[in-house]
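Colleague: Here you go, my_file.csv (CSV, C-alpha atoms):
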chain,number,residue,atom,x,y,z
A,4,MET,CA,-0.8,205.2,-49.2
A,5,ASP,CA,-1.4,205.4,-45.5
A,6,PRO,CA,0.6,202.8,-43.5
A,7,ALA,CA,-1.6,200.0,-42.2
A,8,PRO,CA,-1.0,199.2,-38.6
A,9,ALA,CA,1.0,196.1,-38.0
A,10,PRO,CA,-0.7,193.3,-36.1
A,11,VAL,CA,-0.1,193.4,-32.4
A,12,ALA,CA,2.0,190.5,-31.1
A,13,ASP,CA,3.0,189.3,-27.7
A,14,ALA,CA,6.1,191.3,-26.9
A,15,PRO,CA,9.4,189.3,-26.9
A,16,PRO,CA,11.1,188.9,-23.6
A,17,ALA,CA,13.1,191.8,-22.5
A,18,GLU,CA,16.9,191.4,-22.7
A,19,PRO,CA,18.7,191.2,-19.4
A,20,PRO,CA,21.2,194.0,-18.9
A,21,ALA,CA,24.1,191.6,-19.3
A,22,ALA,CA,22.8,190.5,-22.7
A,23,ARG,CA,22.7,194.1,-23.8
A,24,ARG,CA,26.3,194.6,-22.8
A,25,THR,CA,27.6,191.5,-24.5
A,26,ARG,CA,28.1,191.4,-28.2
A,27,PRO,CA,26.9,188.1,-29.7
A,28,ILE,CA,29.5,185.9,-31.4
A,29,GLU,CA,30.3,186.9,-35.0
A,30,LEU,CA,31.8,184.4,-37.4
A,31,SER,CA,32.7,185.1,-41.0
A,32,GLY,CA,32.8,182.4,-43.7
A,33,SER,CA,32.6,181.6,-47.4
A,34,PHE,CA,31.3,179.0,-49.8
A,35,ARG,CA,31.4,178.4,-53.5
A,36,HIS,CA,28.4,178.6,-55.8
A,37,GLU,CA,28.7,178.0,-59.5
A,38,GLY,CA,32.4,178.4,-59.2
A,39,GLN,CA,32.3,181.7,-57.5
A,40,ARG,CA,33.3,182.5,-53.9
A,41,LEU,CA,30.6,184.1,-51.7
A,42,CYS,CA,31.2,185.6,-48.3
A,43,TYR,CA,29.0,186.0,-45.3
A,44,THR,CA,29.0,186.8,-41.6
A,45,GLU,CA,26.9,185.1,-38.9
A,46,TYR,CA,25.7,186.9,-35.8
A,47,GLY,CA,24.4,185.0,-32.8
A,48,SER,CA,23.0,181.5,-32.8
A,49,GLY,CA,19.8,179.5,-32.5
A,50,ASP,CA,17.0,178.2,-34.6
A,51,ARG,CA,15.4,181.5,-35.5
A,52,VAL,CA,17.2,182.7,-38.5
A,53,VAL,CA,17.2,186.0,-40.4
A,54,VAL,CA,19.1,186.5,-43.7
A,55,LEU,CA,19.9,190.1,-44.7
A,56,MET,CA,21.1,191.4,-48.1
A,57,HIS,CA,22.6,194.8,-49.0
A,58,GLY,CA,21.9,197.4,-51.6
A,59,ILE,CA,23.6,197.7,-54.9
A,60,MET,CA,27.4,198.3,-54.6
A,61,PHE,CA,27.1,198.2,-50.8
A,62,THR,CA,28.4,195.3,-48.8
A,63,ARG,CA,27.1,193.1,-45.9
A,64,ARG,CA,28.7,195.6,-43.5
A,65,MET,CA,25.7,197.9,-44.0
A,66,HIS,CA,23.5,195.5,-42.1
A,67,ALA,CA,26.0,194.8,-39.2
A,68,PRO,CA,24.3,197.1,-36.7
A,69,LEU,CA,20.8,195.6,-37.4
A,70,ALA,CA,22.2,192.1,-37.3
A,71,ARG,CA,23.8,192.7,-33.9
A,72,ARG,CA,20.6,194.1,-32.5
A,73,LEU,CA,18.6,191.1,-33.8
A,74,ALA,CA,21.2,188.7,-32.5
A,75,ARG,CA,21.0,190.2,-29.0
A,76,ALA,CA,17.2,189.6,-29.2
A,77,GLY,CA,17.9,185.9,-29.8
A,78,PHE,CA,18.1,185.5,-33.6
A,79,ARG,CA,20.8,183.9,-35.7
A,80,VAL,CA,21.4,186.5,-38.3
A,81,VAL,CA,23.4,186.0,-41.5
A,82,THR,CA,24.5,188.8,-43.8
A,83,LEU,CA,25.6,187.9,-47.3
A,84,ASP,CA,27.9,189.7,-49.8
A,85,LEU,CA,26.1,189.0,-53.1
A,86,LEU,CA,28.3,188.3,-56.2
A,87,GLY,CA,30.2,191.4,-57.2
A,88,HIS,CA,30.0,193.0,-53.8
A,89,GLY,CA,32.2,193.2,-50.7
A,90,ASP,CA,34.5,190.2,-50.2
A,91,SER,CA,32.7,188.0,-52.6
A,92,ASP,CA,34.2,187.3,-56.1
A,93,ARG,CA,33.7,190.0,-58.7
A,94,PRO,CA,33.6,188.4,-62.2
A,95,THR,CA,33.6,190.6,-65.2
A,96,GLN,CA,30.8,188.8,-67.2
A,97,SER,CA,27.5,190.7,-67.0
A,98,TRP,CA,25.4,187.6,-67.5
A,99,ARG,CA,26.4,186.5,-64.0
A,100,TYR,CA,24.5,189.4,-62.4
A,101,SER,CA,20.8,189.4,-62.1
A,102,MET,CA,18.1,189.4,-59.4
A,103,PRO,CA,17.2,185.7,-60.0
A,104,ALA,CA,20.9,184.8,-59.9
A,105,PHE,CA,21.3,186.7,-56.6
A,106,ALA,CA,18.3,184.8,-55.3
A,107,GLU,CA,19.9,181.5,-56.2
A,108,GLN,CA,23.0,182.7,-54.2
A,109,ALA,CA,20.8,183.4,-51.1
A,110,VAL,CA,19.3,179.9,-51.4
A,111,ALA,CA,22.7,178.4,-51.8
A,112,LEU,CA,23.7,180.2,-48.6
A,113,LEU,CA,20.8,178.4,-46.8
A,114,ASP,CA,22.0,175.1,-48.2
A,115,HIS,CA,25.6,175.7,-47.2
A,116,LEU,CA,24.6,176.5,-43.6
A,117,GLU,CA,22.0,173.7,-43.6
A,118,ILE,CA,19.2,176.1,-42.8
A,119,GLU,CA,15.8,174.8,-43.7
A,120,ASP,CA,14.1,178.1,-43.9
A,121,ALA,CA,14.5,181.7,-42.7
A,122,VAL,CA,13.1,185.2,-42.6
A,123,VAL,CA,14.8,186.7,-45.7
A,124,GLY,CA,15.2,190.4,-46.0
A,125,GLY,CA,17.1,193.2,-47.6
A,126,THR,CA,17.4,196.8,-48.6
A,127,SER,CA,16.9,198.2,-52.1
A,128,LEU,CA,18.6,195.6,-54.4
A,129,GLY,CA,18.5,193.2,-51.4
A,130,ALA,CA,14.8,193.8,-51.0
A,131,ASN,CA,14.2,192.8,-54.6
A,132,VAL,CA,16.4,189.7,-54.2
A,133,ALA,CA,14.3,188.7,-51.2
A,134,LEU,CA,11.2,188.9,-53.3
A,135,GLU,CA,12.9,186.7,-55.9
A,136,VAL,CA,13.8,184.1,-53.2
A,137,ALA,CA,10.2,183.9,-52.3
A,138,VAL,CA,9.3,183.2,-55.9
A,139,ALA,CA,12.0,180.7,-56.6
A,140,ALA,CA,12.0,178.8,-53.3
A,141,PRO,CA,8.9,179.7,-51.3
A,142,SER,CA,9.4,176.7,-48.9
A,143,ARG,CA,12.6,178.3,-47.7
A,144,VAL,CA,11.0,181.6,-46.7
A,145,ARG,CA,9.2,182.0,-43.4
A,146,GLY,CA,8.8,185.7,-44.0
A,147,LEU,CA,10.2,188.7,-45.9
A,148,VAL,CA,11.5,192.0,-44.7
A,149,VAL,CA,11.5,194.3,-47.7
A,150,GLU,CA,13.0,197.8,-47.1
A,151,MET,CA,13.0,200.3,-50.0
A,152,PRO,CA,12.0,198.0,-52.9
A,153,VAL,CA,12.8,199.2,-56.4
A,154,LEU,CA,9.9,198.6,-58.8
A,155,ASP,CA,8.2,200.3,-61.7
A,156,ASN,CA,8.2,203.9,-60.4
A,157,ALA,CA,11.9,203.8,-59.8
A,158,ILE,CA,13.0,202.9,-63.3
A,159,ILE,CA,13.7,206.4,-64.7
A,160,ALA,CA,15.5,207.6,-61.6
A,161,GLY,CA,17.5,204.4,-61.5
A,162,LEU,CA,18.7,204.8,-65.0
A,163,LEU,CA,19.6,208.4,-64.5
A,164,THR,CA,21.6,207.5,-61.4
A,165,PHE,CA,23.4,204.4,-62.5
A,166,ALA,CA,23.7,204.8,-66.3
A,167,PRO,CA,26.5,207.4,-65.8
A,168,LEU,CA,28.3,205.1,-63.4
A,169,LEU,CA,28.1,202.3,-66.0
A,170,PHE,CA,29.4,204.7,-68.7
A,171,ALA,CA,32.3,205.8,-66.4
A,172,ALA,CA,33.2,202.2,-65.6
A,173,ARG,CA,33.2,201.2,-69.3
A,174,PHE,CA,34.8,204.2,-70.9
A,175,LEU,CA,36.4,206.2,-68.1
A,176,PRO,CA,37.9,203.5,-65.9
A,177,ALA,CA,40.6,205.8,-64.5
A,178,THR,CA,37.9,207.8,-62.7
A,179,VAL,CA,36.5,204.7,-61.0
A,180,ARG,CA,40.1,203.8,-59.9
A,181,GLY,CA,40.7,207.3,-58.7
A,182,VAL,CA,37.6,207.3,-56.5
A,183,ALA,CA,38.6,203.9,-55.1
A,184,LEU,CA,42.1,205.1,-54.4
A,185,ALA,CA,40.7,208.1,-52.5
A,186,ALA,CA,38.4,205.9,-50.6
A,187,HIS,CA,41.3,203.7,-49.4
A,188,LEU,CA,43.0,206.9,-48.0
A,189,VAL,CA,40.0,207.6,-45.7
A,190,PRO,CA,40.7,206.5,-42.1
A,191,HIS,CA,38.5,203.5,-41.1
A,192,GLY,CA,36.8,202.7,-37.8
A,193,ASN,CA,33.4,204.4,-38.1
A,194,GLN,CA,30.6,202.1,-39.2
A,195,TRP,CA,29.1,204.4,-41.8
A,196,VAL,CA,32.3,205.9,-43.0
A,197,ASP,CA,33.5,202.3,-43.6
A,198,VAL,CA,30.2,201.4,-45.4
A,199,LEU,CA,30.7,204.4,-47.7
A,200,THR,CA,34.3,203.6,-48.5
A,201,ASP,CA,33.4,200.0,-49.1
A,202,THR,CA,30.9,201.3,-51.7
A,203,LEU,CA,33.3,203.6,-53.4
A,204,SER,CA,36.1,200.9,-53.6
A,205,GLN,CA,35.2,199.5,-57.0
A,206,GLU,CA,37.1,198.0,-59.9
A,207,PRO,CA,35.9,199.3,-63.3
A,208,ALA,CA,35.3,196.0,-65.1
A,209,PRO,CA,33.4,194.1,-62.4
A,210,MET,CA,31.4,197.3,-61.6
A,211,ALA,CA,30.4,197.7,-65.2
A,212,ALA,CA,29.4,194.1,-65.5
A,213,LEU,CA,27.3,194.3,-62.3
A,214,LEU,CA,25.5,197.5,-63.4
A,215,HIS,CA,24.9,196.2,-66.9
A,216,GLY,CA,23.5,192.9,-65.6
A,217,VAL,CA,21.2,194.5,-63.1
A,218,LEU,CA,20.0,197.5,-65.1
A,219,PHE,CA,19.2,195.5,-68.2
A,220,GLY,CA,17.8,192.4,-66.5
A,221,ARG,CA,14.7,191.7,-64.5
A,222,ILE,CA,14.5,194.3,-61.7
A,223,ALA,CA,11.9,192.5,-59.7
A,224,PRO,CA,9.1,189.9,-60.0
A,225,PRO,CA,6.4,191.4,-62.2
A,226,LYS,CA,3.1,192.4,-60.7
A,227,SER,CA,1.3,189.2,-61.9
A,228,ILE,CA,3.9,187.1,-60.0
A,229,ARG,CA,4.1,189.3,-56.9
A,230,GLY,CA,0.5,188.6,-56.2
A,231,THR,CA,1.3,184.9,-55.7
A,232,ILE,CA,3.9,185.5,-53.0
A,233,ALA,CA,2.3,184.0,-49.9
A,234,ALA,CA,5.0,184.6,-47.4
A,235,PRO,CA,4.1,187.1,-44.7
A,236,THR,CA,6.0,190.3,-45.6
A,237,LEU,CA,7.0,193.5,-43.7
A,238,VAL,CA,7.3,196.3,-46.3
A,239,ILE,CA,9.2,199.4,-45.2
A,240,GLY,CA,9.0,202.5,-47.4
A,241,HIS,CA,9.6,206.3,-47.2
A,242,GLU,CA,8.9,209.5,-49.1
A,243,GLY,CA,11.3,211.8,-50.8
A,244,ASP,CA,13.6,209.3,-52.6
A,245,PRO,CA,13.1,208.9,-56.3
A,246,ILE,CA,15.2,205.7,-56.5
A,247,HIS,CA,13.1,204.1,-53.8
A,248,PRO,CA,9.8,205.9,-54.3
A,249,PHE,CA,7.0,205.6,-51.7
A,250,GLY,CA,4.7,204.5,-54.4
A,251,ASP,CA,6.7,201.4,-55.1
A,252,ALA,CA,6.6,200.3,-51.4
A,253,GLY,CA,2.9,201.1,-51.2
A,254,SER,CA,2.0,199.3,-54.3
A,255,LEU,CA,4.1,196.3,-53.3
A,256,ALA,CA,2.2,196.1,-50.0
A,257,GLU,CA,-1.0,196.1,-51.9
A,258,ASP,CA,0.2,193.4,-54.3
A,259,LEU,CA,1.2,191.0,-51.7
A,260,PRO,CA,-1.6,189.1,-50.0
A,261,ASN,CA,0.0,188.9,-46.5
A,262,ALA,CA,1.8,192.2,-46.2
A,263,GLU,CA,2.2,194.7,-43.4
A,264,PHE,CA,3.4,198.3,-44.2
A,265,VAL,CA,5.5,200.5,-42.1
A,266,GLN,CA,6.4,204.0,-43.2
A,267,ALA,CA,9.9,205.2,-42.3
A,268,ARG,CA,10.4,208.8,-41.5
A,269,SER,CA,13.4,209.0,-43.9
A,270,PRO,CA,15.7,206.8,-46.0
A,271,VAL,CA,18.2,206.7,-43.2
A,272,GLU,CA,16.0,206.1,-40.2
A,273,LEU,CA,17.0,202.5,-39.8
A,274,ARG,CA,20.7,203.5,-40.0
A,275,PHE,CA,20.8,206.6,-37.7
A,276,ASP,CA,17.7,206.4,-35.6
A,277,PRO,CA,17.0,202.7,-35.6
A,278,LYS,CA,15.0,202.0,-32.5
A,279,ARG,CA,11.5,202.1,-34.0
A,280,LEU,CA,12.1,200.2,-37.2
A,281,THR,CA,14.4,197.7,-35.5
A,282,ALA,CA,11.6,196.9,-33.1
A,283,ALA,CA,9.1,196.5,-36.0
A,284,ILE,CA,11.5,194.1,-37.7
A,285,ARG,CA,12.3,192.2,-34.5
A,286,ASP,CA,8.6,191.7,-33.6
A,287,PHE,CA,7.7,190.7,-37.2
A,288,ALA,CA,10.5,188.1,-37.1
A,289,PHE,CA,9.4,186.8,-33.7
A,290,ARG,CA,5.9,186.2,-35.1
A,291,ARG,CA,7.4,184.1,-37.9
A,292,TYR,CA,8.7,181.7,-35.2
A,293,PRO,CA,5.7,181.0,-32.9
A,294,PRO,CA,6.4,179.1,-29.7
A,295,ALA,CA,6.3,175.4,-30.1
Here is the file; what I need is its structure written in the form of structure tokens.
Modeller:
Amino acid sequence: MDPAPAPVADAPPAEPPAARRTRPIELSGSFRHEGQRLCYTEYGSGDRVVVLMHGIMFTRRMHAPLARRLARAGFRVVTLDLLGHGDSDRPTQSWRYSMPAFAEQAVALLDHLEIEDAVVGGTSLGANVALEVAVAAPSRVRGLVVEMPVLDNAIIAGLLTFAPLLFAARFLPATVRGVALAAHLVPHGNQWVDVLTDTLSQEPAPMAALLHGVLFGRIAPPKSIRGTIAAPTLVIGHEGDPIHPFGDAGSLAEDLPNAEFVQARSPVELRFDPKRLTAAIRDFAFRRYPPA
């Protein structure tokens, strides 16, 4: 699918040099939802809110660079550790983990922070959760940012990738603990080294429950439901990744009635060469908050 050009919007005001040098305020917090503790970080302040959610077994730390850039542009950005991830609780019951359950947690975050609605986005698992939020609570969603969604074309690759991890967590827990121990020995201080070590620092029982719940539950809203999602959506996809196939991103953009599609040059463009995609996300979010 050829990427459709995004609508042209008035450019947001340029940041003054001092704003670029000053890091917006960052505040971490937590709340309880259905008896479980969920952790988040807020970047910046204001009435224009963006919520960002991570990929499977990653943490909210993966979106810190994007959150800081959006906060410097004038947004209040909230990154959430979904249940079983990061600093949030990690129960060992697989029934607690599913895309609809994660969506409920995102809505609970908005309730906790007394945010009426927001631009809701995420990467991979977080992208699918954002879609579920739009289905479960459409009035809370001003827009969606969906990077690397995981839909029908990814099922086989996903099973081949994560089923061995599930097997190891269930039947070879010492291997999971060994990897976690090695990760703790890696010096911290680099953004992406820290993200990787966060991901590798797993406990076998919660990891097995998480993978079991996600792999054998509803991966995303089915096609018949996706067509009813009215929220304006920015879909970001790329080629060359079987777990996040280009076809899934393209077909999602076709399914959604108000979608824009941007093709990333690689799976890591937003992480290591972020200027172009950050500008696309920023401009999309600005258009969700038109001037009064």
Colleague: I'd like the neighbourhood of region 132-142 of chain A as a PyMOL selection string, where a residue qualifies if any of its atoms comes within 10 Å (using only C-alpha atoms), though same-chain residues fewer than 5 positions away should be ignored.
Modeller: chain A and resi 54-58+85+101-110+119-127+147-149+152+222-224+228-229+231-234+236
Colleague: Would you mind reading off the distance between CA of His215 (chain A) and CA of Ala166 (chain A), one decimal, in Å?
Modeller: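 One can read the CA of His215 (chain A) to CA of Ala166 (chain A) distance as 8.7 Å.
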Colleague: In Å to one decimal, how far is CA of Tyr292 (chain A) from CA of Glu45 (chain A)?
Modeller: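 CA of Tyr292 (chain A) lies 18.9 Å from CA of Glu45 (chain A).
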Colleague: Could you pull the residues within 7 Å of region 237-239 of chain A, counting all atoms listed in the file, minus those fewer than 3 positions along the same chain, as a VMD selection string?
Modeller: chain A and resid 147 to 151 252 256 262 to 267
Colleague: Determine, counting all atoms listed in the file, which protein, DNA and RNA residues have an atom within 12 Å of an atom of region 186-196 of chain A; residues of the same chain fewer than 3 positions away are not included. Present the result as a PyMOL selection string.
Modeller: chain A and resi 61-69+179-183+199-205+271+274-275
Colleague: So what do you get for CA of Leu175 (chain A) versus CA of Ala211 (chain A), distance-wise?
Modeller: 10.8 Å
Colleague: Given only C-alpha atoms as the basis, pick out the residue of A:Phe170, A:Phe34, A:Tyr43, A:Phe219 nearest to Val80 (chain A).
Modeller: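 With only C-alpha atoms as the atom set, the closest residue is A:Tyr43.
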Colleague: Do you know which residues are at most 7 Å from Gly216 (chain A) counting all atoms listed in the file, after dropping those on the same chain fewer than 5 positions away, and could you put them as a list in words?
Modeller: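 Final neighbour list, sorted by chain and number: Ser97, Trp98, Tyr100 and Ser101 of chain A.
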Colleague: Could region 71-88 of chain A be completed with N, CA, C and O atoms and returned as a PDB file, keeping the file's coordinate frame?
Modeller:
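File written: part.pdb
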ATOM      1  N   ARG A  71      23.416 192.824 -35.324  1.00  0.00           N
ATOM      2  CA  ARG A  71      23.800 192.700 -33.900  1.00  0.00           C
ATOM      3  C   ARG A  71      22.619 192.898 -32.990  1.00  0.00           C
ATOM      4  O   ARG A  71      22.477 192.198 -31.978  1.00  0.00           O
ATOM      5  N   ARG A  72      21.747 193.840 -33.324  1.00  0.00           N
ATOM      6  CA  ARG A  72      20.600 194.100 -32.500  1.00  0.00           C
ATOM      7  C   ARG A  72      19.646 192.849 -32.509  1.00  0.00           C
ATOM      8  O   ARG A  72      19.106 192.431 -31.470  1.00  0.00           O
ATOM      9  N   LEU A  73      19.439 192.284 -33.685  1.00  0.00           N
ATOM     10  CA  LEU A  73      18.600 191.100 -33.800  1.00  0.00           C
ATOM     11  C   LEU A  73      19.226 189.900 -33.088  1.00  0.00           C
ATOM     12  O   LEU A  73      18.534 189.096 -32.455  1.00  0.00           O
ATOM     13  N   ALA A  74      20.547 189.781 -33.190  1.00  0.00           N
ATOM     14  CA  ALA A  74      21.200 188.700 -32.500  1.00  0.00           C
ATOM     15  C   ALA A  74      21.088 188.800 -31.006  1.00  0.00           C
ATOM     16  O   ALA A  74      20.890 187.803 -30.301  1.00  0.00           O
ATOM     17  N   ARG A  75      21.179 190.032 -30.479  1.00  0.00           N
ATOM     18  CA  ARG A  75      21.000 190.200 -29.000  1.00  0.00           C
ATOM     19  C   ARG A  75      19.574 189.869 -28.606  1.00  0.00           C
ATOM     20  O   ARG A  75      19.341 189.518 -27.448  1.00  0.00           O
ATOM     21  N   ALA A  76      18.622 189.964 -29.543  1.00  0.00           N
ATOM     22  CA  ALA A  76      17.200 189.600 -29.200  1.00  0.00           C
ATOM     23  C   ALA A  76      16.990 188.100 -29.346  1.00  0.00           C
ATOM     24  O   ALA A  76      15.875 187.642 -29.063  1.00  0.00           O
ATOM     25  N   GLY A  77      17.995 187.341 -29.773  1.00  0.00           N
ATOM     26  CA  GLY A  77      17.900 185.900 -29.800  1.00  0.00           C
ATOM     27  C   GLY A  77      17.854 185.263 -31.172  1.00  0.00           C
ATOM     28  O   GLY A  77      17.616 184.054 -31.291  1.00  0.00           O
ATOM     29  N   PHE A  78      18.139 186.024 -32.219  1.00  0.00           N
ATOM     30  CA  PHE A  78      18.100 185.500 -33.600  1.00  0.00           C
ATOM     31  C   PHE A  78      19.551 185.107 -34.007  1.00  0.00           C
ATOM     32  O   PHE A  78      20.542 185.696 -33.553  1.00  0.00           O
ATOM     33  N   ARG A  79      19.622 184.152 -34.905  1.00  0.00           N
ATOM     34  CA  ARG A  79      20.800 183.900 -35.700  1.00  0.00           C
ATOM     35  C   ARG A  79      20.693 184.660 -36.974  1.00  0.00           C
ATOM     36  O   ARG A  79      19.779 184.399 -37.758  1.00  0.00           O
ATOM     37  N   VAL A  80      21.552 185.624 -37.194  1.00  0.00           N
ATOM     38  CA  VAL A  80      21.400 186.500 -38.300  1.00  0.00           C
ATOM     39  C   VAL A  80      22.630 186.292 -39.266  1.00  0.00           C
ATOM     40  O   VAL A  80      23.778 186.230 -38.810  1.00  0.00           O
ATOM     41  N   VAL A  81      22.351 186.168 -40.557  1.00  0.00           N
ATOM     42  CA  VAL A  81      23.400 186.000 -41.500  1.00  0.00           C
ATOM     43  C   VAL A  81      23.325 187.079 -42.570  1.00  0.00           C
ATOM     44  O   VAL A  81      22.263 187.314 -43.160  1.00  0.00           O
ATOM     45  N   THR A  82      24.440 187.780 -42.758  1.00  0.00           N
ATOM     46  CA  THR A  82      24.500 188.800 -43.800  1.00  0.00           C
ATOM     47  C   THR A  82      25.394 188.292 -44.914  1.00  0.00           C
ATOM     48  O   THR A  82      26.447 187.688 -44.671  1.00  0.00           O
ATOM     49  N   LEU A  83      24.973 188.516 -46.140  1.00  0.00           N
ATOM     50  CA  LEU A  83      25.600 187.900 -47.300  1.00  0.00           C
ATOM     51  C   LEU A  83      26.136 189.018 -48.248  1.00  0.00           C
ATOM     52  O   LEU A  83      25.409 189.981 -48.538  1.00  0.00           O
ATOM     53  N   ASP A  84      27.369 188.860 -48.708  1.00  0.00           N
ATOM     54  CA  ASP A  84      27.900 189.700 -49.800  1.00  0.00           C
ATOM     55  C   ASP A  84      27.458 188.954 -51.113  1.00  0.00           C
ATOM     56  O   ASP A  84      27.993 187.875 -51.436  1.00  0.00           O
ATOM     57  N   LEU A  85      26.520 189.528 -51.838  1.00  0.00           N
ATOM     58  CA  LEU A  85      26.100 189.000 -53.100  1.00  0.00           C
ATOM     59  C   LEU A  85      27.289 189.060 -54.108  1.00  0.00           C
ATOM     60  O   LEU A  85      28.231 189.842 -53.920  1.00  0.00           O
ATOM     61  N   LEU A  86      27.230 188.281 -55.165  1.00  0.00           N
ATOM     62  CA  LEU A  86      28.300 188.300 -56.200  1.00  0.00           C
ATOM     63  C   LEU A  86      28.541 189.705 -56.667  1.00  0.00           C
ATOM     64  O   LEU A  86      27.604 190.460 -56.923  1.00  0.00           O
ATOM     65  N   GLY A  87      29.825 190.071 -56.778  1.00  0.00           N
ATOM     66  CA  GLY A  87      30.200 191.400 -57.200  1.00  0.00           C
ATOM     67  C   GLY A  87      30.220 192.449 -56.150  1.00  0.00           C
ATOM     68  O   GLY A  87      30.418 193.631 -56.437  1.00  0.00           O
ATOM     69  N   HIS A  88      30.071 192.024 -54.906  1.00  0.00           N
ATOM     70  CA  HIS A  88      30.000 193.000 -53.800  1.00  0.00           C
ATOM     71  C   HIS A  88      30.939 192.495 -52.667  1.00  0.00           C
ATOM     72  O   HIS A  88      31.122 191.299 -52.444  1.00  0.00           O
TER      73      HIS A  88
END
